[in-house]
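Colleague: Sharing coords_38.pdb, PDB, C-alpha atoms and all ligand atoms:
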```pdb
MODEL        1
ATOM      1  CA  MET A   1      25.377 -11.847   1.334
ATOM      2  CA  SER A   2      25.153  -8.237   0.297
ATOM      3  CA  VAL A   3      22.630  -5.667   1.450
ATOM      4  CA  GLU A   4      22.744  -2.286  -0.174
ATOM      5  CA  ILE A   5      20.564   0.776   0.385
ATOM      6  CA  LEU A   6      19.802   3.385  -2.247
ATOM      7  CA  SER A   7      17.974   6.527  -1.162
ATOM      8  CA  LEU A   8      15.805   8.233  -3.789
ATOM      9  CA  CYS A   9      13.983  10.209  -1.108
ATOM     10  CA  GLY A  10      15.838  11.442   1.972
ATOM     11  CA  PRO A  11      14.279  12.571   5.270
ATOM     12  CA  GLU A  12      14.274  16.235   4.149
ATOM     13  CA  GLU A  13      12.327  15.446   1.009
ATOM     14  CA  PHE A  14       9.927  13.234   2.968
ATOM     15  CA  ALA A  15       9.319  16.057   5.457
ATOM     16  CA  ARG A  16       8.824  18.570   2.656
ATOM     17  CA  THR A  17       6.343  16.338   0.851
ATOM     18  CA  LEU A  18       4.372  15.653   4.030
ATOM     19  CA  ALA A  19       4.234  19.381   4.792
ATOM     20  CA  ALA A  20       2.984  20.205   1.276
ATOM     21  CA  ASP A  21       0.456  17.333   1.258
ATOM     22  CA  ALA A  22      -0.834  18.246   4.716
ATOM     23  CA  ARG A  23      -1.227  21.916   3.813
ATOM     24  CA  ALA A  24      -3.007  21.130   0.552
ATOM     25  CA  GLY A  25      -5.203  18.384   2.017
ATOM     26  CA  LEU A  26      -6.216  20.117   5.225
ATOM     27  CA  THR A  27      -7.196  23.376   3.546
ATOM     28  CA  ARG A  28      -9.503  21.546   1.078
ATOM     29  CA  ARG A  29     -13.172  20.698   1.657
ATOM     30  CA  PRO A  30     -13.536  17.887   2.520
ATOM     31  CA  LYS A  31     -10.266  17.744   4.419
ATOM     32  CA  THR A  32      -8.133  14.922   3.022
ATOM     33  CA  LEU A  33      -4.770  13.293   3.706
ATOM     34  CA  PRO A  34      -2.848  10.789   1.560
ATOM     35  CA  ALA A  35      -3.040   7.269   3.012
ATOM     36  CA  LYS A  36       0.720   6.784   2.808
ATOM     37  CA  TYR A  37       1.246   8.784   6.010
ATOM     38  CA  PHE A  38      -0.277   6.049   8.191
ATOM     39  CA  TYR A  39       2.918   4.046   8.072
ATOM     40  CA  ASP A  40       5.331   5.340  10.663
ATOM     41  CA  GLU A  41       6.716   2.702  13.029
ATOM     42  CA  ARG A  42       3.525   2.465  15.095
ATOM     43  CA  GLY A  43       1.301   2.587  12.019
ATOM     44  CA  SER A  44       3.228  -0.261  10.419
ATOM     45  CA  GLU A  45       2.874  -2.304  13.637
ATOM     46  CA  LEU A  46      -0.847  -1.604  13.731
ATOM     47  CA  PHE A  47      -1.225  -2.611  10.100
ATOM     48  CA  ASP A  48       0.645  -5.802  10.889
ATOM     49  CA  ARG A  49      -1.910  -6.504  13.651
ATOM     50  CA  ILE A  50      -4.713  -5.777  11.155
ATOM     51  CA  THR A  51      -3.370  -8.448   8.819
ATOM     52  CA  ARG A  52      -3.871 -11.008  11.593
ATOM     53  CA  LEU A  53      -7.442  -9.984  12.516
ATOM     54  CA  PRO A  54     -10.161 -12.551  11.825
ATOM     55  CA  GLU A  55     -12.159  -9.964   9.830
ATOM     56  CA  TYR A  56      -9.259  -8.860   7.631
ATOM     57  CA  TYR A  57      -9.221 -11.673   5.072
ATOM     58  CA  LEU A  58      -7.031  -9.882   2.482
ATOM     59  CA  THR A  59      -3.582 -10.909   3.669
ATOM     60  CA  ARG A  60      -4.536 -14.514   4.329
ATOM     61  CA  ALA A  61      -6.226 -14.783   0.944
ATOM     62  CA  GLU A  62      -3.237 -13.376  -0.926
ATOM     63  CA  THR A  63      -0.746 -15.474   1.021
ATOM     64  CA  GLY A  64      -2.770 -18.585   0.225
ATOM     65  CA  LEU A  65      -2.761 -17.650  -3.451
ATOM     66  CA  LEU A  66       0.997 -17.231  -3.434
ATOM     67  CA  GLU A  67       1.443 -20.544  -1.622
ATOM     68  CA  ARG A  68      -0.416 -22.079  -4.522
ATOM     69  CA  CYS A  69       0.999 -20.044  -7.425
ATOM     70  CA  ALA A  70       4.315 -18.308  -6.610
ATOM     71  CA  GLU A  71       6.419 -21.088  -7.984
ATOM     72  CA  GLU A  72       4.435 -21.422 -11.209
ATOM     73  CA  LEU A  73       4.533 -17.652 -11.769
ATOM     74  CA  VAL A  74       8.267 -17.382 -11.177
ATOM     75  CA  ALA A  75       8.849 -20.423 -13.424
ATOM     76  CA  LEU A  76       6.875 -18.672 -16.168
ATOM     77  CA  VAL A  77       8.788 -15.374 -15.916
ATOM     78  CA  ARG A  78      12.239 -16.706 -14.946
ATOM     79  CA  PRO A  79      13.371 -13.351 -13.591
ATOM     80  CA  ARG A  80      16.865 -12.471 -12.469
ATOM     81  CA  GLU A  81      15.334 -10.124  -9.925
ATOM     82  CA  ILE A  82      12.123  -9.575  -8.029
ATOM     83  CA  VAL A  83      11.228  -5.948  -7.353
ATOM     84  CA  GLU A  84       8.684  -5.457  -4.606
ATOM     85  CA  ILE A  85       6.954  -2.097  -4.518
ATOM     86  CA  GLY A  86       5.774  -1.082  -1.050
ATOM     87  CA  ALA A  87       6.620  -2.600   2.292
ATOM     88  CA  GLY A  88       6.817  -6.340   1.925
ATOM     89  CA  PHE A  89       9.111  -8.434   3.959
ATOM     90  CA  SER A  90       6.430 -10.818   4.953
ATOM     91  CA  ARG A  91       5.673 -14.452   4.357
ATOM     92  CA  LYS A  92       4.473 -13.407   0.870
ATOM     93  CA  THR A  93       7.925 -12.071   0.004
ATOM     94  CA  GLN A  94       9.483 -15.291   1.259
ATOM     95  CA  LEU A  95       7.236 -17.407  -0.936
ATOM     96  CA  LEU A  96       8.379 -15.386  -3.942
ATOM     97  CA  LEU A  97      12.044 -15.566  -2.939
ATOM     98  CA  ASP A  98      11.885 -19.323  -2.353
ATOM     99  CA  ALA A  99      10.599 -19.640  -5.912
ATOM    100  CA  LEU A 100      13.190 -17.154  -7.205
ATOM    101  CA  GLY A 101      15.989 -19.251  -5.721
ATOM    102  CA  LYS A 102      14.663 -22.436  -7.301
ATOM    103  CA  HIS A 103      14.586 -20.849 -10.729
ATOM    104  CA  GLY A 104      18.007 -19.259 -10.775
ATOM    105  CA  GLY A 105      17.128 -15.692  -9.780
ATOM    106  CA  GLN A 106      19.667 -13.640  -7.862
ATOM    107  CA  ARG A 107      18.397 -10.328  -6.630
ATOM    108  CA  PHE A 108      15.631  -8.836  -4.498
ATOM    109  CA  VAL A 109      14.881  -5.119  -4.731
ATOM    110  CA  ALA A 110      12.464  -3.593  -2.209
ATOM    111  CA  LEU A 111      11.058  -0.087  -2.500
ATOM    112  CA  ASP A 112       9.835   1.450   0.731
ATOM    113  CA  VAL A 113       9.571   4.902   2.313
ATOM    114  CA  SER A 114      11.213   3.758   5.519
ATOM    115  CA  GLY A 115      15.007   3.404   5.491
ATOM    116  CA  ASP A 116      14.909   1.627   8.871
ATOM    117  CA  ALA A 117      12.420  -0.975   7.657
ATOM    118  CA  LEU A 118      14.569  -1.603   4.569
ATOM    119  CA  ARG A 119      17.722  -2.075   6.590
ATOM    120  CA  ALA A 120      16.094  -4.436   9.090
ATOM    121  CA  ALA A 121      14.367  -6.485   6.392
ATOM    122  CA  GLY A 122      17.497  -6.555   4.258
ATOM    123  CA  GLU A 123      19.510  -8.071   7.115
ATOM    124  CA  ARG A 124      16.888 -10.708   7.804
ATOM    125  CA  LEU A 125      16.533 -11.701   4.168
ATOM    126  CA  GLY A 126      20.288 -11.688   3.656
ATOM    127  CA  ALA A 127      20.645 -14.151   6.534
ATOM    128  CA  ARG A 128      17.870 -16.422   5.274
ATOM    129  CA  TYR A 129      18.907 -16.340   1.603
ATOM    130  CA  PRO A 130      22.729 -16.276   1.539
ATOM    131  CA  TRP A 131      22.757 -16.397  -2.287
ATOM    132  CA  LEU A 132      20.555 -13.311  -2.596
ATOM    133  CA  GLU A 133      21.678  -9.803  -3.494
ATOM    134  CA  VAL A 134      19.386  -7.430  -1.605
ATOM    135  CA  LEU A 135      18.866  -3.816  -2.626
ATOM    136  CA  GLY A 136      16.639  -1.616  -0.491
ATOM    137  CA  VAL A 137      15.449   1.490  -2.309
ATOM    138  CA  ARG A 138      14.093   4.289  -0.202
ATOM    139  CA  GLY A 139      11.387   6.068  -2.154
ATOM    140  CA  ASP A 140       7.725   6.699  -2.881
ATOM    141  CA  PHE A 141       5.980   4.437  -5.402
ATOM    142  CA  GLU A 142       4.157   7.383  -6.935
ATOM    143  CA  ARG A 143       7.390   9.242  -7.697
ATOM    144  CA  HIS A 144      10.470   7.072  -7.724
ATOM    145  CA  LEU A 145       9.841   3.934  -9.778
ATOM    146  CA  ALA A 146      12.013   5.151 -12.650
ATOM    147  CA  GLY A 147      15.015   5.442 -10.322
ATOM    148  CA  ILE A 148      15.102   1.761  -9.378
ATOM    149  CA  PRO A 149      18.137   0.201 -11.076
ATOM    150  CA  ARG A 150      17.517  -2.915 -13.198
ATOM    151  CA  SER A 151      19.952  -5.844 -13.224
ATOM    152  CA  GLY A 152      18.183  -8.158 -15.666
ATOM    153  CA  ALA A 153      14.854  -9.857 -16.306
ATOM    154  CA  ARG A 154      12.475  -8.715 -13.608
ATOM    155  CA  LEU A 155       9.230  -9.577 -11.947
ATOM    156  CA  VAL A 156       7.810  -6.393 -10.439
ATOM    157  CA  CYS A 157       5.336  -7.079  -7.611
ATOM    158  CA  PHE A 158       2.822  -4.767  -5.988
ATOM    159  CA  LEU A 159       0.923  -6.851  -3.476
ATOM    160  CA  GLY A 160      -1.628  -6.419  -0.726
ATOM    161  CA  SER A 161      -4.106  -4.401  -2.793
ATOM    162  CA  THR A 162      -2.183  -1.272  -1.890
ATOM    163  CA  ILE A 163      -3.134  -0.053  -5.369
ATOM    164  CA  GLY A 164      -6.634   0.295  -3.897
ATOM    165  CA  ASN A 165      -5.464   3.408  -2.069
ATOM    166  CA  LEU A 166      -5.208   5.216  -5.404
ATOM    167  CA  THR A 167      -8.153   6.709  -7.276
ATOM    168  CA  ALA A 168      -8.625   5.665 -10.916
ATOM    169  CA  GLU A 169      -7.001   8.967 -11.950
ATOM    170  CA  GLU A 170      -3.976   8.268  -9.760
ATOM    171  CA  ARG A 171      -3.798   4.652 -10.934
ATOM    172  CA  LEU A 172      -3.116   5.505 -14.567
ATOM    173  CA  PRO A 173       0.169   7.406 -14.095
ATOM    174  CA  PHE A 174       1.283   4.823 -11.539
ATOM    175  CA  LEU A 175       0.650   1.919 -13.934
ATOM    176  CA  ARG A 176       2.376   3.823 -16.732
ATOM    177  CA  ASP A 177       5.431   4.167 -14.495
ATOM    178  CA  VAL A 178       5.280   0.425 -13.813
ATOM    179  CA  ARG A 179       4.989  -0.237 -17.548
ATOM    180  CA  ALA A 180       8.089   1.892 -18.105
ATOM    181  CA  MET A 181      10.043  -0.336 -15.689
ATOM    182  CA  LEU A 182       9.448  -3.390 -17.857
ATOM    183  CA  ALA A 183      11.382  -4.791 -20.793
ATOM    184  CA  THR A 184       9.589  -7.164 -23.194
ATOM    185  CA  ASN A 185       9.991 -10.325 -21.135
ATOM    186  CA  ASP A 186       9.506  -8.704 -17.732
ATOM    187  CA  ARG A 187       6.235  -9.054 -15.859
ATOM    188  CA  PHE A 188       4.124  -7.190 -13.320
ATOM    189  CA  LEU A 189       2.316  -9.040 -10.530
ATOM    190  CA  LEU A 190      -0.476  -7.078  -8.888
ATOM    191  CA  GLY A 191      -2.544  -8.135  -5.853
ATOM    192  CA  VAL A 192      -6.097  -6.799  -5.750
ATOM    193  CA  ASP A 193      -8.969  -7.168  -3.332
ATOM    194  CA  LEU A 194     -12.197  -8.030  -5.147
ATOM    195  CA  VAL A 195     -15.719  -6.614  -4.998
ATOM    196  CA  LYS A 196     -17.829  -8.719  -2.645
ATOM    197  CA  PRO A 197     -20.903  -8.439  -0.449
ATOM    198  CA  LEU A 198     -20.909  -5.343   1.669
ATOM    199  CA  ALA A 199     -21.062  -7.007   5.090
ATOM    200  CA  ARG A 200     -17.642  -8.647   4.819
ATOM    201  CA  LEU A 201     -16.023  -5.505   3.463
ATOM    202  CA  HIS A 202     -17.570  -3.501   6.248
ATOM    203  CA  ALA A 203     -16.337  -5.940   8.900
ATOM    204  CA  ALA A 204     -12.800  -5.945   7.490
ATOM    205  CA  TYR A 205     -12.524  -2.194   8.094
ATOM    206  CA  ASN A 206     -14.542  -2.111  11.348
ATOM    207  CA  ASP A 207     -12.948  -4.913  13.355
ATOM    208  CA  ALA A 208     -14.356  -5.827  16.752
ATOM    209  CA  GLU A 209     -11.050  -5.218  18.554
ATOM    210  CA  GLY A 210     -10.744  -1.676  17.247
ATOM    211  CA  VAL A 211      -7.290  -2.058  15.721
ATOM    212  CA  THR A 212      -8.382  -0.357  12.475
ATOM    213  CA  GLU A 213      -9.626   2.561  14.580
ATOM    214  CA  LEU A 214      -6.184   2.904  16.222
ATOM    215  CA  PHE A 215      -4.567   2.653  12.768
ATOM    216  CA  ASN A 216      -6.851   5.353  11.375
ATOM    217  CA  LYS A 217      -6.229   7.690  14.319
ATOM    218  CA  ASN A 218      -2.486   7.101  14.119
ATOM    219  CA  VAL A 219      -2.309   9.575  11.251
ATOM    220  CA  LEU A 220      -3.135  12.326  13.778
ATOM    221  CA  LEU A 221      -0.114  11.320  15.853
ATOM    222  CA  VAL A 222       2.027  11.448  12.708
ATOM    223  CA  LEU A 223       0.821  15.024  12.089
ATOM    224  CA  ASN A 224       1.513  15.943  15.708
ATOM    225  CA  ARG A 225       5.048  14.617  15.647
ATOM    226  CA  GLU A 226       6.122  15.644  12.150
ATOM    227  CA  LEU A 227       4.390  19.016  11.933
ATOM    228  CA  GLY A 228       4.114  20.120  15.557
ATOM    229  CA  GLY A 229       0.392  19.467  15.781
ATOM    230  CA  ASP A 230      -1.784  19.362  18.879
ATOM    231  CA  LEU A 231      -4.575  17.087  17.640
ATOM    232  CA  ASP A 232      -6.204  14.783  20.192
ATOM    233  CA  PRO A 233      -7.283  11.375  18.825
ATOM    234  CA  ARG A 234     -10.026  11.278  21.480
ATOM    235  CA  ASP A 235     -11.756  14.152  19.685
ATOM    236  CA  PHE A 236     -12.390  11.935  16.638
ATOM    237  CA  ALA A 237     -14.374   8.825  15.805
ATOM    238  CA  HIS A 238     -13.322   6.130  13.331
ATOM    239  CA  ARG A 239     -15.644   5.743  10.343
ATOM    240  CA  ALA A 240     -15.275   3.240   7.500
ATOM    241  CA  PHE A 241     -18.001   2.289   5.045
ATOM    242  CA  TYR A 242     -18.319   0.654   1.656
ATOM    243  CA  ASP A 243     -19.571   2.832  -1.211
ATOM    244  CA  PRO A 244     -21.134   0.310  -3.627
ATOM    245  CA  ARG A 245     -21.333   2.848  -6.443
ATOM    246  CA  ARG A 246     -17.640   3.608  -6.437
ATOM    247  CA  GLU A 247     -16.814   0.098  -5.254
ATOM    248  CA  ARG A 248     -14.520   1.286  -2.548
ATOM    249  CA  ILE A 249     -14.110   1.586   1.206
ATOM    250  CA  GLU A 250     -14.020   5.157   2.480
ATOM    251  CA  MET A 251     -12.152   5.640   5.723
ATOM    252  CA  ARG A 252     -12.535   8.857   7.666
ATOM    253  CA  LEU A 253     -12.079  10.510  11.034
ATOM    254  CA  VAL A 254     -15.159  12.338  12.307
ATOM    255  CA  ALA A 255     -14.858  15.320  14.649
ATOM    256  CA  LEU A 256     -16.919  14.611  17.783
ATOM    257  CA  ARG A 257     -17.188  18.308  18.663
ATOM    258  CA  ARG A 258     -15.859  21.626  17.418
ATOM    259  CA  ILE A 259     -12.072  21.362  17.404
ATOM    260  CA  GLU A 260      -9.550  24.156  17.223
ATOM    261  CA  ALA A 261      -6.034  22.864  16.725
ATOM    262  CA  ARG A 262      -2.946  23.907  14.826
ATOM    263  CA  LEU A 263       0.064  22.558  12.995
ATOM    264  CA  ALA A 264       2.792  24.785  14.416
ATOM    265  CA  ARG A 265       5.421  23.912  11.811
ATOM    266  CA  LEU A 266       3.061  25.004   9.023
ATOM    267  CA  GLU A 267       1.653  27.911  11.026
ATOM    268  CA  LEU A 268      -1.655  26.396  10.002
ATOM    269  CA  PRO A 269      -4.714  26.841  12.210
ATOM    270  CA  LEU A 270      -7.075  23.867  11.952
ATOM    271  CA  VAL A 271     -10.768  24.107  12.669
ATOM    272  CA  PHE A 272     -13.116  21.123  12.540
ATOM    273  CA  GLU A 273     -16.829  21.776  12.857
ATOM    274  CA  PRO A 274     -18.781  19.131  14.799
ATOM    275  CA  THR A 275     -19.247  15.991  12.580
ATOM    276  CA  GLU A 276     -16.779  17.365  10.024
ATOM    277  CA  GLU A 277     -14.781  14.561   8.419
ATOM    278  CA  LEU A 278     -11.146  14.108   7.551
ATOM    279  CA  HIS A 279     -10.831  11.670   4.616
ATOM    280  CA  THR A 280      -7.903   9.436   5.481
ATOM    281  CA  GLU A 281      -8.056   6.536   3.018
ATOM    282  CA  ILE A 282      -9.885   4.935   0.147
ATOM    283  CA  SER A 283      -9.523   1.236  -0.515
ATOM    284  CA  CYS A 284     -10.860   0.372  -3.965
ATOM    285  CA  LYS A 285     -12.230  -3.100  -4.648
ATOM    286  CA  PHE A 286     -11.678  -4.570  -8.098
ATOM    287  CA  ARG A 287     -13.188  -6.686 -10.841
ATOM    288  CA  ARG A 288     -11.252  -8.439 -13.541
ATOM    289  CA  GLU A 289     -12.564  -6.081 -16.274
ATOM    290  CA  VAL A 290     -11.466  -3.022 -14.302
ATOM    291  CA  VAL A 291      -7.940  -4.369 -13.861
ATOM    292  CA  ALA A 292      -7.738  -5.439 -17.527
ATOM    293  CA  ALA A 293      -8.898  -1.986 -18.687
ATOM    294  CA  GLY A 294      -6.499  -0.198 -16.325
ATOM    295  CA  PHE A 295      -3.636  -2.340 -17.606
ATOM    296  CA  LYS A 296      -4.587  -1.640 -21.204
ATOM    297  CA  ASP A 297      -4.651   2.138 -20.700
ATOM    298  CA  ALA A 298      -1.128   1.887 -19.297
ATOM    299  CA  GLY A 299       0.237  -0.304 -22.108
ATOM    300  CA  LEU A 300      -0.028  -3.605 -20.233
ATOM    301  CA  VAL A 301      -1.847  -6.797 -21.157
ATOM    302  CA  LEU A 302      -3.536  -8.931 -18.512
ATOM    303  CA  GLU A 303      -1.867 -12.280 -19.070
ATOM    304  CA  ARG A 304      -3.053 -14.290 -16.053
ATOM    305  CA  TRP A 305      -5.822 -13.796 -13.495
ATOM    306  CA  LEU A 306      -5.604 -16.032 -10.439
ATOM    307  CA  THR A 307      -8.195 -15.967  -7.681
ATOM    308  CA  ASP A 308      -8.661 -17.843  -4.447
ATOM    309  CA  GLU A 309     -11.482 -20.335  -4.052
ATOM    310  CA  PRO A 310     -14.088 -17.956  -2.542
ATOM    311  CA  GLY A 311     -13.159 -15.259  -5.085
ATOM    312  CA  ASP A 312     -12.091 -12.790  -2.417
ATOM    313  CA  PHE A 313      -8.751 -11.749  -3.853
ATOM    314  CA  ALA A 314      -6.854 -11.893  -7.143
ATOM    315  CA  LEU A 315      -3.340 -11.855  -8.494
ATOM    316  CA  ALA A 316      -3.096 -10.220 -11.900
ATOM    317  CA  LEU A 317      -0.047 -10.852 -14.059
ATOM    318  CA  GLY A 318       0.613  -8.161 -16.633
ATOM    319  CA  ARG A 319       3.045  -8.028 -19.547
ATOM    320  CA  PRO A 320       4.060  -5.127 -21.755
ATOM    321  CA  GLY A 321       1.454  -4.779 -24.511
TER     322      GLY A 321
HETATM  323  C1  LIG B 401      -2.499  -1.834   3.053
HETATM  324  C2  LIG B 401      -3.721  -0.287   1.751
HETATM  325  C3  LIG B 401      -4.067  -2.617   1.441
HETATM  326  O1  LIG B 401      -6.610  -0.760   2.121
HETATM  327  O2  LIG B 401      -6.955  -2.660   3.112
HETATM  328  C4  LIG B 401      -6.237  -1.767   6.353
HETATM  329  C5  LIG B 401      -4.788  -0.575   4.553
HETATM  330  N1  LIG B 401      -6.683   0.282   5.912
HETATM  331  N2  LIG B 401      -7.279  -1.389   7.105
HETATM  332  C6  LIG B 401      -6.253  -1.671   2.867
HETATM  333  C7  LIG B 401      -5.876  -0.698   5.579
HETATM  334  C8  LIG B 401      -7.550  -0.139   6.849
HETATM  335  C9  LIG B 401      -4.865  -1.631   3.499
HETATM  336  N3  LIG B 401      -3.793  -1.562   2.452
ENDMDL
END
```
Write out the structure in this file as structure tokens.
Ligand code: AVJ
Modeller:
Amino acid sequence: MSVEILSLCGPEEFARTLAADARAGLTRRPKTLPAKYFYDERGSELFDRITRLPEYYLTRAETGLLERCAEELVALVRPREIVEIGAGFSRKTQLLLDALGKHGGQRFVALDVSGDALRAAGERLGARYPWLEVLGVRGDFERHLAGIPRSGARLVCFLGSTIGNLTAEERLPFLRDVRAMLATNDRFLLGVDLVKPLARLHAAYNDAEGVTELFNKNVLLVLNRELGGDLDPRDFAHRAFYDPRRERIEMRLVALRRIEARLARLELPLVFEPTEELHTEISCKFRREVVAAGFKDAGLVLERWLTDEPGDFALALGRPG
């Protein structure tokens, strides 16, 4: 067993990027923060709880799809390596690795922002799959895809509908970077949450237990810790709603009163007027045509489109066009 870590983005660069993103986003109207900053240790734990909520169907739907199709997909691609973009050391990863082992693959490469998560997951996977070479790459999927070393035929996976956090404008350069990772016989497997009636989408982001609210507010604690902030989560309300025109969930924090705070490390005073919103996340919902068109613009062809029985979620397989 071998577990190796490659860092394309050290703690200094992470801190610098957060500082620049926070300054840019919090001085805009509306105030906005990139969704990637939810995922410190607590945020990742909260997201893990979200995936087990009765209302949050996404993870179950995608796992079910992979239970049905992982083997067939891996048999079709016959990769030497699976590259997973974004945190993924879950049951879904295991389904892919089981299939990889059966079809003669040898390496798993995981890209994640957290070095600790990579190390822990690498150890676990190394123990479970003694034949597997594991490479953890510390980096940001919007900046570091080109730095991921290739060892042979690859299946690049981006699961969980994390792509939904990007706007259409942000999606294009991301998909072009993915395209650039692929040789002719390589493939890209993308998980996307599908457009569906509003009530279920609304429930998935407004769970009865309030875990999504804690997850949303966690970004304030990240700002406090990383940038010396003095924001109080109790001063904000969780708000998530589906925008049917843009076919996406909008997640925000709403100031419950006038708030004067500051981010000491940025020397940035922060004022929220009552009801002012901080935009914390978008979660786009997809249709087949939208994915096919997005692939095409990036030089990819939609080769397979697999959905679960209720049509809640899809796996899209792309090949270089
Ligand atoms: C991990 C980005 C796919 O958008 O559904 C869960 C994050 N936000 N509940 C999503 C999330 C609120 C999730 N992704």
Colleague: Near segment 71-85 of chain A, within 7 Å and counting only C-alpha atoms, which residues show up once chain neighbours fewer than 4 positions away are dropped, as a ChimeraX atom specification?
Modeller: /A:99-100,103,105-112,141,152-158,186-187
Colleague: Applied to the shown file, which residues does the PyMOL selection byres (((chain A and resi 207) around 12) and not hetatm) return, written as number ranges by chain?
Modeller: A: 49-57, 199-206, 208-215, 238-240
Colleague: Take the residues just selected and output them with C-alpha atoms as a PDB file, in the coordinates of the input.
Modeller:
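Final output, saved to out-v7.pdb:
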```
ATOM      1  CA  ARG A  49      -1.910  -6.504  13.651  1.00  0.00           C
ATOM      2  CA  ILE A  50      -4.713  -5.777  11.155  1.00  0.00           C
ATOM      3  CA  THR A  51      -3.370  -8.448   8.819  1.00  0.00           C
ATOM      4  CA  ARG A  52      -3.871 -11.008  11.593  1.00  0.00           C
ATOM      5  CA  LEU A  53      -7.442  -9.984  12.516  1.00  0.00           C
ATOM      6  CA  PRO A  54     -10.161 -12.551  11.825  1.00  0.00           C
ATOM      7  CA  GLU A  55     -12.159  -9.964   9.830  1.00  0.00           C
ATOM      8  CA  TYR A  56      -9.259  -8.860   7.631  1.00  0.00           C
ATOM      9  CA  TYR A  57      -9.221 -11.673   5.072  1.00  0.00           C
ATOM     10  CA  ALA A 199     -21.062  -7.007   5.090  1.00  0.00           C
ATOM     11  CA  ARG A 200     -17.642  -8.647   4.819  1.00  0.00           C
ATOM     12  CA  LEU A 201     -16.023  -5.505   3.463  1.00  0.00           C
ATOM     13  CA  HIS A 202     -17.570  -3.501   6.248  1.00  0.00           C
ATOM     14  CA  ALA A 203     -16.337  -5.940   8.900  1.00  0.00           C
ATOM     15  CA  ALA A 204     -12.800  -5.945   7.490  1.00  0.00           C
ATOM     16  CA  TYR A 205     -12.524  -2.194   8.094  1.00  0.00           C
ATOM     17  CA  ASN A 206     -14.542  -2.111  11.348  1.00  0.00           C
ATOM     18  CA  ALA A 208     -14.356  -5.827  16.752  1.00  0.00           C
ATOM     19  CA  GLU A 209     -11.050  -5.218  18.554  1.00  0.00           C
ATOM     20  CA  GLY A 210     -10.744  -1.676  17.247  1.00  0.00           C
ATOM     21  CA  VAL A 211      -7.290  -2.058  15.721  1.00  0.00           C
ATOM     22  CA  THR A 212      -8.382  -0.357  12.475  1.00  0.00           C
ATOM     23  CA  GLU A 213      -9.626   2.561  14.580  1.00  0.00           C
ATOM     24  CA  LEU A 214      -6.184   2.904  16.222  1.00  0.00           C
ATOM     25  CA  PHE A 215      -4.567   2.653  12.768  1.00  0.00           C
ATOM     26  CA  HIS A 238     -13.322   6.130  13.331  1.00  0.00           C
ATOM     27  CA  ARG A 239     -15.644   5.743  10.343  1.00  0.00           C
ATOM     28  CA  ALA A 240     -15.275   3.240   7.500  1.00  0.00           C
TER      29      ALA A 240
END
```
Colleague: How close does chain A get to ligand LIG 401 (chain B)? List, as CSV, each residue of chain A within 6 Å, its nearest atom pair and the distance in Å to one decimal, counting all atoms listed in the file.
Modeller:
```
residue,atom,partner,partner_atom,distance
A:Gly160,CA,B:LIG401,C3,5.0
A:Ser161,CA,B:LIG401,C3,4.6
A:Thr162,CA,B:LIG401,C3,4.1
A:Asn165,CA,B:LIG401,C2,5.6
A:Tyr205,CA,B:LIG401,N2,5.4
A:Thr212,CA,B:LIG401,N2,5.6
A:Ser283,CA,B:LIG401,O1,4.4
```
Colleague: For the structure provided, state which residues fall under the PyMOL selection byres (((chain A and resi 174) around 12) and not hetatm), and present them as a PyMOL selection string.
Modeller: chain A and resi 85+140-146+158+162-173+175-181+294-295+297-299
Colleague: Write to file, as a JSON list (two decimals), in the coordinates of the input, the residues of the selection just made, with C-alpha atoms.
Modeller:
```
[["chain", "number", "residue", "atom", "x", "y", "z"],
["A", 85, "ILE", "CA", 6.95, -2.10, -4.52],
["A", 140, "ASP", "CA", 7.72, 6.70, -2.88],
["A", 141, "PHE", "CA", 5.98, 4.44, -5.40],
["A", 142, "GLU", "CA", 4.16, 7.38, -6.94],
["A", 143, "ARG", "CA", 7.39, 9.24, -7.70],
["A", 144, "HIS", "CA", 10.47, 7.07, -7.72],
["A", 145, "LEU", "CA", 9.84, 3.93, -9.78],
["A", 146, "ALA", "CA", 12.01, 5.15, -12.65],
["A", 158, "PHE", "CA", 2.82, -4.77, -5.99],
["A", 162, "THR", "CA", -2.18, -1.27, -1.89],
["A", 163, "ILE", "CA", -3.13, -0.05, -5.37],
["A", 164, "GLY", "CA", -6.63, 0.30, -3.90],
["A", 165, "ASN", "CA", -5.46, 3.41, -2.07],
["A", 166, "LEU", "CA", -5.21, 5.22, -5.40],
["A", 167, "THR", "CA", -8.15, 6.71, -7.28],
["A", 168, "ALA", "CA", -8.62, 5.66, -10.92],
["A", 169, "GLU", "CA", -7.00, 8.97, -11.95],
["A", 170, "GLU", "CA", -3.98, 8.27, -9.76],
["A", 171, "ARG", "CA", -3.80, 4.65, -10.93],
["A", 172, "LEU", "CA", -3.12, 5.50, -14.57],
["A", 173, "PRO", "CA", 0.17, 7.41, -14.10],
["A", 175, "LEU", "CA", 0.65, 1.92, -13.93],
["A", 176, "ARG", "CA", 2.38, 3.82, -16.73],
["A", 177, "ASP", "CA", 5.43, 4.17, -14.50],
["A", 178, "VAL", "CA", 5.28, 0.42, -13.81],
["A", 179, "ARG", "CA", 4.99, -0.24, -17.55],
["A", 180, "ALA", "CA", 8.09, 1.89, -18.10],
["A", 181, "MET", "CA", 10.04, -0.34, -15.69],
["A", 294, "GLY", "CA", -6.50, -0.20, -16.32],
["A", 295, "PHE", "CA", -3.64, -2.34, -17.61],
["A", 297, "ASP", "CA", -4.65, 2.14, -20.70],
["A", 298, "ALA", "CA", -1.13, 1.89, -19.30],
["A", 299, "GLY", "CA", 0.24, -0.30, -22.11]]
```
Colleague: Find the spatial neighbours of Ala70 of chain A, counting only C-alpha atoms, within a cut-off of 10 Å - ignore same-chain residues fewer than 6 positions away - and output them as a list of chain:residue names.
Modeller: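 Those residues are A:Thr63, A:Gly64, A:Leu76, A:Lys92, A:Thr93, A:Gln94, A:Leu95, A:Leu96, A:Leu97, A:Asp98, A:Ala99, A:Leu100.
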